[in-house]
Amino acid sequence: MEYRRLGSSGLKVPALSFGAGTFGGKGPLFSAWGNSDAAEARRLIDISLEAGVNLFDTADVYSDGASESVLGAAIKGRRDAVLVSTKMALPMGDGPNDAGTSRTRLVKGVDDALKRLGTDYIDLLQLHAFDAGTPVEETLSTLDDLVTAGKLRYVGASNFAGWQLMKSLAVSEKHGLVRHVAHQVYYSLVGRDYEWELMPLAADQGVGALVWSPLGWGRLTGKIRRGKPWPEGSRLHDTAAFGPPVDDEKLYDVVDVLDQLTEETGKTIPQIAINWLLQRPTVSSVIIGARNEEQLRQNLGAVGWSLSPEQIARLDAASNTTPAYPYFPYYRQEGFARINPPLV
């Protein structure tokens with residue numbers, strides 16, 4: 001397993017990390033993802049650690065805290081061997097302070113997460129969404145206090161817009177507060193919006209990307225084909241409305257090239273899609289999920305080899321889309337590109 005620095009921090013994380021959204025599945029979304037209990041979770045973690053995957057990502061809202069509880073039970077007795085990443089900001093109840101990133105919410109939320117995880121510190125806490133109702137200074141000073149108290153080691157964001165992340169980084173610099181070293185983002189061959197603004201920001205500011213849903217919300221599994229209905233057992237029947245939209249024709253164009261590359265490389269479509277991501281700028285780790293051992297072992301096969309530059313170029317061409325304004329001039333017009341060439 002390759003290990004990479006998380007942004008500009010000193011923390012090294014594996015190129016692949018494990019997403020625990022399948023642990024303890026409850027509700028229409030998370031039950032469709034998976035419902036691993038502590039015993040099955042321990043087995044999946046055993047396999048992950050054997051492969052060098054030691055970062056496990058969860059969130060308080062995943063199955064109303066059940067994911068954190070199952071993860072905590074599964075890592076009991078080996079806390080020092082793993083890195084634990086969790087997220088908070090989204091609603092955990094109906095009360096006025098049960099959502100957001102206020103001091104009240106964060107202090108209580110961290111204490112609650114620590115209890116569920118069965119640990120006294122969290123390696124990486126990410127804000128699951130930007131809270132426009134709370135001053136950034138309040139949020140970051142609270143995170144700074146929690147780091148000083150030893151409850152958190154590093155902090156990051158998730159699903160922030162460019163200005164939200166940049167404002168947070170500026171406030172950290174101005175007041176000498178802990179800064180975001182990670183940004184957990186959606187990025188895939190059928191969802192490359194991350195490249196338009198967030199990737200250049202990350203490269204400039206030293207923020208490492210942790211990629212969620214690298215298979216385009218389950219569309220790049222090899223089971224979705226042009227002119228055919230979704231397979232009967234596909235989770236997309238239950239979860240498509242919760243995820244990022246994908247243009248079907250673009251999806252089919254990408255799958256056509258992936259099919260060609262499976263013949264050339266002997267790798268599966270998911271392995272190729274993940275390997276492509278691992279070669280993109282600013283990506284520190286790609287979060288893989290698995291409902292069972294077979295899925296996990298297949299996803300682990302995405303590392304230890306590399307697509308050729310020519311194969312990457314074919315995937316780039318098939319997956320490329322014209323960015324929205326104001327980004328498209330920097331990709332399409334020579335004068336803009338000479339001043340600010342795109343990273344990819």
# chains A, B, ... in the order shown; residues from 1 in each chain; ligands from 1

call {"tool": "residues_around", "arguments": {"residues": "Leu251 of chain A", "least_positions_apart": "2", "cutoff": "12 Å", "atoms": "only C-alpha atoms", "output": "number ranges by chain"}}
result
A: 188-191, 215-227, 245-249, 253-258, 315, 318-321

call {"tool": "residues_around", "arguments": {"residues": "Thr86 of chain A", "least_positions_apart": "2", "cutoff": "9 Å", "atoms": "only C-alpha atoms", "output": "number ranges by chain"}}
result
A: 56-60, 68, 84, 88, 113, 122-128

call {"tool": "residues_around", "arguments": {"residues": "Ser141 of chain A", "least_positions_apart": "3", "cutoff": "10 Å", "atoms": "only C-alpha atoms", "output": "VMD selection string"}}
result
chain A and resid 103 136 to 138 144 to 147 171 to 172 175 to 178

call {"tool": "write_last_selection", "arguments": {"atoms": "all heavy atoms", "output": "tab-separated table (two decimals), in the first residue's frame"}}
result
chain	number	residue	atom	x	y	z
A	103	ARG	N	-20.39	26.08	18.58
A	103	ARG	CA	-19.59	25.54	19.70
A	103	ARG	C	-20.38	24.48	20.46
A	103	ARG	O	-19.85	23.41	20.77
A	103	ARG	CB	-19.17	26.68	20.63
A	103	ARG	CG	-18.39	26.20	21.86
A	103	ARG	CD	-17.85	27.38	22.64
A	103	ARG	NE	-16.74	28.00	21.93
A	103	ARG	CZ	-15.45	27.65	22.07
A	103	ARG	NH1	-15.13	26.65	22.86
A	103	ARG	NH2	-14.52	28.28	21.42
A	136	VAL	N	-17.60	31.61	11.13
A	136	VAL	CA	-16.48	30.71	10.90
A	136	VAL	C	-15.49	30.78	12.07
A	136	VAL	O	-14.89	29.77	12.46
A	136	VAL	CB	-15.78	31.06	9.57
A	136	VAL	CG1	-14.51	30.24	9.39
A	136	VAL	CG2	-16.73	30.81	8.40
A	137	GLU	N	-15.34	31.96	12.65
A	137	GLU	CA	-14.43	32.11	13.78
A	137	GLU	C	-14.85	31.24	14.96
A	137	GLU	O	-14.01	30.66	15.65
A	137	GLU	CB	-14.38	33.59	14.22
A	137	GLU	CG	-13.69	34.52	13.23
A	137	GLU	CD	-14.60	34.97	12.09
A	137	GLU	OE1	-15.77	34.53	12.04
A	137	GLU	OE2	-14.15	35.77	11.25
A	138	GLU	N	-16.16	31.15	15.21
A	138	GLU	CA	-16.65	30.32	16.30
A	138	GLU	C	-16.36	28.84	16.03
A	138	GLU	O	-15.89	28.11	16.93
A	138	GLU	CB	-18.15	30.51	16.50
A	138	GLU	CG	-18.75	29.62	17.58
A	138	GLU	CD	-20.25	29.85	17.77
A	138	GLU	OE1	-20.74	30.94	17.40
A	138	GLU	OE2	-20.92	28.94	18.28
A	144	ASP	N	-10.13	24.33	17.35
A	144	ASP	CA	-8.80	24.56	17.90
A	144	ASP	C	-8.75	24.13	19.37
A	144	ASP	O	-7.78	23.48	19.81
A	144	ASP	CB	-8.44	26.03	17.76
A	144	ASP	CG	-6.97	26.31	17.93
A	144	ASP	OD1	-6.21	26.06	16.98
A	144	ASP	OD2	-6.57	26.73	19.03
A	145	ASP	N	-9.80	24.45	20.12
A	145	ASP	CA	-9.86	24.05	21.53
A	145	ASP	C	-9.91	22.53	21.67
A	145	ASP	O	-9.29	21.96	22.57
A	145	ASP	CB	-11.10	24.65	22.20
A	145	ASP	CG	-11.00	26.15	22.38
A	145	ASP	OD1	-9.88	26.70	22.28
A	145	ASP	OD2	-12.05	26.78	22.62
A	146	LEU	N	-10.64	21.88	20.77
A	146	LEU	CA	-10.77	20.42	20.84
A	146	LEU	C	-9.45	19.73	20.48
A	146	LEU	O	-9.13	18.67	21.03
A	146	LEU	CB	-11.89	19.95	19.91
A	146	LEU	CG	-13.31	20.32	20.37
A	146	LEU	CD1	-14.32	20.12	19.24
A	146	LEU	CD2	-13.71	19.49	21.59
A	147	VAL	N	-8.68	20.33	19.57
A	147	VAL	CA	-7.35	19.80	19.27
A	147	VAL	C	-6.43	19.99	20.48
A	147	VAL	O	-5.70	19.07	20.87
A	147	VAL	CB	-6.77	20.49	18.02
A	147	VAL	CG1	-5.29	20.13	17.85
A	147	VAL	CG2	-7.55	20.09	16.78
A	171	VAL	N	-9.48	32.51	7.77
A	171	VAL	CA	-9.74	32.78	9.19
A	171	VAL	C	-8.72	32.04	10.06
A	171	VAL	O	-8.22	32.58	11.05
A	171	VAL	CB	-11.18	32.39	9.55
A	171	VAL	CG1	-11.38	32.38	11.06
A	171	VAL	CG2	-12.18	33.35	8.90
A	172	SER	N	-8.40	30.82	9.69
A	172	SER	CA	-7.38	30.07	10.45
A	172	SER	C	-6.05	30.80	10.43
A	172	SER	O	-5.38	30.93	11.46
A	172	SER	CB	-7.22	28.67	9.85
A	172	SER	OG	-8.36	27.88	10.06
A	175	HIS	N	-6.11	34.20	12.55
A	175	HIS	CA	-6.18	34.09	14.02
A	175	HIS	C	-5.28	33.00	14.59
A	175	HIS	O	-5.31	32.75	15.80
A	175	HIS	CB	-7.63	33.83	14.45
A	175	HIS	CG	-8.58	34.92	14.07
A	175	HIS	ND1	-8.59	36.15	14.70
A	175	HIS	CD2	-9.54	34.99	13.11
A	175	HIS	CE1	-9.52	36.92	14.17
A	175	HIS	NE2	-10.12	36.24	13.19
A	176	GLY	N	-4.49	32.35	13.74
A	176	GLY	CA	-3.59	31.32	14.23
A	176	GLY	C	-4.31	30.09	14.76
A	176	GLY	O	-3.88	29.48	15.74
A	177	LEU	N	-5.40	29.71	14.09
A	177	LEU	CA	-6.21	28.58	14.53
A	177	LEU	C	-5.91	27.35	13.68
A	177	LEU	O	-5.33	27.44	12.59
A	177	LEU	CB	-7.70	28.94	14.40
A	177	LEU	CG	-8.17	30.13	15.23
A	177	LEU	CD1	-9.61	30.51	14.86
A	177	LEU	CD2	-8.06	29.85	16.71
A	178	VAL	N	-6.32	26.19	14.19
A	178	VAL	CA	-6.15	24.96	13.43
A	178	VAL	C	-6.79	25.11	12.05
A	178	VAL	O	-7.81	25.77	11.90
A	178	VAL	CB	-6.77	23.78	14.22
A	178	VAL	CG1	-8.27	23.94	14.35
A	178	VAL	CG2	-6.44	22.45	13.58

call {"tool": "atom_distance", "arguments": {"atom1": "atom CA of Gln260 of chain A", "atom2": "atom CA of Tyr3 of chain A"}}
result
29.6 Å

call {"tool": "closest_residue", "arguments": {"among": "A:Ala324, A:Ala273, A:Val303, A:Val155", "to": "Lys87 of chain A", "atoms": "only C-alpha atoms"}}
result
A:Val155

call {"tool": "closest_atom_pairs", "arguments": {"of": "segment 17-101 of chain A", "to": "segment 105-111 of chain A", "cutoff": "12 Å", "atoms": "only C-alpha atoms", "output": "CSV"}}
result
residue,atom,partner,partner_atom,distance
A:Ala59,CA,A:Gly109,CA,10.7
A:Asp60,CA,A:Gly109,CA,8.2
A:Val61,CA,A:Gly109,CA,10.8
A:Gly65,CA,A:Gly109,CA,10.7
A:Glu68,CA,A:Val110,CA,11.8
A:Ser85,CA,A:Val110,CA,11.8
A:Thr86,CA,A:Val110,CA,9.5
A:Lys87,CA,A:Val110,CA,9.5
A:Met88,CA,A:Gly109,CA,7.2
A:Ala89,CA,A:Arg105,CA,7.9
A:Leu90,CA,A:Arg105,CA,10.2
A:Pro91,CA,A:Arg105,CA,9.9
A:Met92,CA,A:Gly109,CA,9.0
A:Gly93,CA,A:Arg105,CA,11.2
A:Gly95,CA,A:Arg105,CA,10.6
A:Pro96,CA,A:Arg105,CA,9.7
A:Asn97,CA,A:Arg105,CA,5.9
A:Asp98,CA,A:Arg105,CA,6.3
A:Ala99,CA,A:Arg105,CA,6.6
A:Gly100,CA,A:Arg105,CA,6.6
A:Thr101,CA,A:Leu106,CA,5.7

call {"tool": "closest_residue", "arguments": {"among": "A:Gly21, A:Gln184, A:Trp196, A:Leu140", "to": "Asn340 of chain A", "atoms": "only C-alpha atoms"}}
result
A:Trp196

call {"tool": "closest_residue", "arguments": {"among": "A:Asn275, A:Arg78, A:Val283, A:Gln295", "to": "Val185 of chain A", "atoms": "only C-alpha atoms"}}
result
A:Val283

call {"tool": "atom_distance", "arguments": {"atom1": "atom CA of Arg179 of chain A", "atom2": "atom CA of Tyr62 of chain A"}}
result
24.9 Å

call {"tool": "residues_around", "arguments": {"residues": "Gly304 of chain A", "least_positions_apart": "5", "cutoff": "12 Å", "atoms": "only C-alpha atoms", "output": "list in words"}}
result
Met1, Glu2, Ala15, Leu16, Ala51, Gly52, Lys267, Gln271, Ile272, Ile274, Asn275, Leu278 and Asn299 of chain A

call {"tool": "closest_residue", "arguments": {"among": "A:Leu117, A:Val82, A:Ala41, A:Val53", "to": "Phe18 of chain A", "atoms": "only C-alpha atoms"}}
result
A:Val53

call {"tool": "select_by_dssp", "arguments": {"residues": "segment 72-306 of chain A", "states": "strand (DSSP E)", "output": "ChimeraX atom specification"}}
result
/A:83-88,122-127,152-158,180-186,208-212,283-288

call {"tool": "atom_distance", "arguments": {"atom1": "atom CA of Ser8 of chain A", "atom2": "atom CA of Pro342 of chain A"}}
result
20.7 Å

call {"tool": "residues_around", "arguments": {"residues": "Gln164 of chain A", "least_positions_apart": "4", "cutoff": "8 Å", "atoms": "only C-alpha atoms", "output": "PDB file with N, CA and C atoms, in the first residue's frame"}}
result
ATOM      1  N   PHE A 130     -20.989  23.039   5.276  1.00  0.00           N
ATOM      2  CA  PHE A 130     -20.726  24.401   5.747  1.00  0.00           C
ATOM      3  C   PHE A 130     -21.963  24.933   6.450  1.00  0.00           C
ATOM      4  N   PHE A 160     -17.621  21.306   0.861  1.00  0.00           N
ATOM      5  CA  PHE A 160     -17.600  22.761   0.897  1.00  0.00           C
ATOM      6  C   PHE A 160     -17.488  23.320  -0.526  1.00  0.00           C
ATOM      7  N   SER A 168     -12.598  29.718   5.347  1.00  0.00           N
ATOM      8  CA  SER A 168     -12.183  29.013   6.561  1.00  0.00           C
ATOM      9  C   SER A 168     -10.665  29.028   6.703  1.00  0.00           C
TER      10      SER A 168
END

call {"tool": "select_by_dssp", "arguments": {"residues": "segment 65-131 of chain A", "states": "helix (DSSP H, G or I)", "output": "mmCIF file with N, CA and C atoms, in the first residue's frame"}}
result
data_model
loop_
_atom_site.group_PDB
_atom_site.id
_atom_site.type_symbol
_atom_site.label_atom_id
_atom_site.label_comp_id
_atom_site.auth_asym_id
_atom_site.auth_seq_id
_atom_site.Cartn_x
_atom_site.Cartn_y
_atom_site.Cartn_z
ATOM 1 N N GLY A 65 -25.681 7.157 14.054
ATOM 2 C CA GLY A 65 -24.611 6.832 14.980
ATOM 3 C C GLY A 65 -24.233 5.370 15.017
ATOM 4 N N ALA A 66 -25.030 4.495 14.399
ATOM 5 C CA ALA A 66 -24.743 3.056 14.453
ATOM 6 C C ALA A 66 -23.427 2.717 13.754
ATOM 7 N N SER A 67 -23.091 3.430 12.683
ATOM 8 C CA SER A 67 -21.838 3.167 11.986
ATOM 9 C C SER A 67 -20.650 3.410 12.905
ATOM 10 N N GLU A 68 -20.670 4.512 13.630
ATOM 11 C CA GLU A 68 -19.590 4.795 14.571
ATOM 12 C C GLU A 68 -19.525 3.728 15.662
ATOM 13 N N SER A 69 -20.672 3.305 16.165
ATOM 14 C CA SER A 69 -20.700 2.295 17.233
ATOM 15 C C SER A 69 -20.124 0.970 16.758
ATOM 16 N N VAL A 70 -20.522 0.532 15.556
ATOM 17 C CA VAL A 70 -20.012 -0.726 15.023
ATOM 18 C C VAL A 70 -18.515 -0.617 14.747
ATOM 19 N N LEU A 71 -18.090 0.515 14.181
ATOM 20 C CA LEU A 71 -16.666 0.706 13.935
ATOM 21 C C LEU A 71 -15.892 0.665 15.247
ATOM 22 N N GLY A 72 -16.401 1.332 16.261
ATOM 23 C CA GLY A 72 -15.725 1.334 17.556
ATOM 24 C C GLY A 72 -15.570 -0.062 18.129
ATOM 25 N N ALA A 73 -16.631 -0.860 18.016
ATOM 26 C CA ALA A 73 -16.560 -2.235 18.513
ATOM 27 C C ALA A 73 -15.575 -3.065 17.711
ATOM 28 N N ALA A 74 -15.497 -2.815 16.404
ATOM 29 C CA ALA A 74 -14.649 -3.613 15.526
ATOM 30 C C ALA A 74 -13.165 -3.304 15.697
ATOM 31 N N ARG A 79 -6.734 0.105 18.733
ATOM 32 C CA ARG A 79 -6.931 1.505 18.385
ATOM 33 C C ARG A 79 -5.667 2.135 17.813
ATOM 34 N N ASP A 80 -4.508 1.781 18.348
ATOM 35 C CA ASP A 80 -3.270 2.399 17.882
ATOM 36 C C ASP A 80 -2.887 1.979 16.473
ATOM 37 N N ALA A 81 -3.516 0.923 15.945
ATOM 38 C CA ALA A 81 -3.184 0.432 14.609
ATOM 39 C C ALA A 81 -4.001 1.105 13.522
ATOM 40 N N ARG A 103 -20.387 26.077 18.584
ATOM 41 C CA ARG A 103 -19.594 25.543 19.695
ATOM 42 C C ARG A 103 -20.383 24.485 20.456
ATOM 43 N N THR A 104 -21.651 24.766 20.722
ATOM 44 C CA THR A 104 -22.477 23.800 21.448
ATOM 45 C C THR A 104 -22.575 22.480 20.703
ATOM 46 N N ARG A 105 -22.858 22.551 19.418
ATOM 47 C CA ARG A 105 -23.025 21.344 18.615
ATOM 48 C C ARG A 105 -21.723 20.551 18.524
ATOM 49 N N LEU A 106 -20.602 21.235 18.279
ATOM 50 C CA LEU A 106 -19.344 20.534 18.094
ATOM 51 C C LEU A 106 -18.842 19.894 19.387
ATOM 52 N N VAL A 107 -18.923 20.607 20.495
ATOM 53 C CA VAL A 107 -18.430 20.055 21.762
ATOM 54 C C VAL A 107 -19.230 18.811 22.144
ATOM 55 N N LYS A 108 -20.554 18.919 22.086
ATOM 56 C CA LYS A 108 -21.386 17.759 22.408
ATOM 57 C C LYS A 108 -21.214 16.654 21.368
ATOM 58 N N GLY A 109 -21.170 17.048 20.088
ATOM 59 C CA GLY A 109 -21.051 16.062 19.025
ATOM 60 C C GLY A 109 -19.765 15.250 19.125
ATOM 61 N N VAL A 110 -18.662 15.907 19.449
ATOM 62 C CA VAL A 110 -17.396 15.197 19.584
ATOM 63 C C VAL A 110 -17.444 14.237 20.770
ATOM 64 N N ASP A 111 -17.972 14.698 21.899
ATOM 65 C CA ASP A 111 -18.079 13.817 23.073
ATOM 66 C C ASP A 111 -18.958 12.603 22.775
ATOM 67 N N ASP A 112 -20.074 12.833 22.079
ATOM 68 C CA ASP A 112 -20.966 11.718 21.731
ATOM 69 C C ASP A 112 -20.265 10.739 20.779
ATOM 70 N N ALA A 113 -19.543 11.274 19.794
ATOM 71 C CA ALA A 113 -18.841 10.413 18.844
ATOM 72 C C ALA A 113 -17.753 9.597 19.533
ATOM 73 N N LEU A 114 -17.042 10.209 20.465
ATOM 74 C CA LEU A 114 -15.999 9.489 21.192
ATOM 75 C C LEU A 114 -16.588 8.307 21.966
ATOM 76 N N LYS A 115 -17.742 8.509 22.558
ATOM 77 C CA LYS A 115 -18.390 7.419 23.294
ATOM 78 C C LYS A 115 -18.788 6.292 22.346
ATOM 79 N N ARG A 116 -19.381 6.646 21.199
ATOM 80 C CA ARG A 116 -19.793 5.614 20.254
ATOM 81 C C ARG A 116 -18.588 4.862 19.691
ATOM 82 N N LEU A 117 -17.514 5.584 19.439
ATOM 83 C CA LEU A 117 -16.319 4.973 18.858
ATOM 84 C C LEU A 117 -15.473 4.232 19.893
#
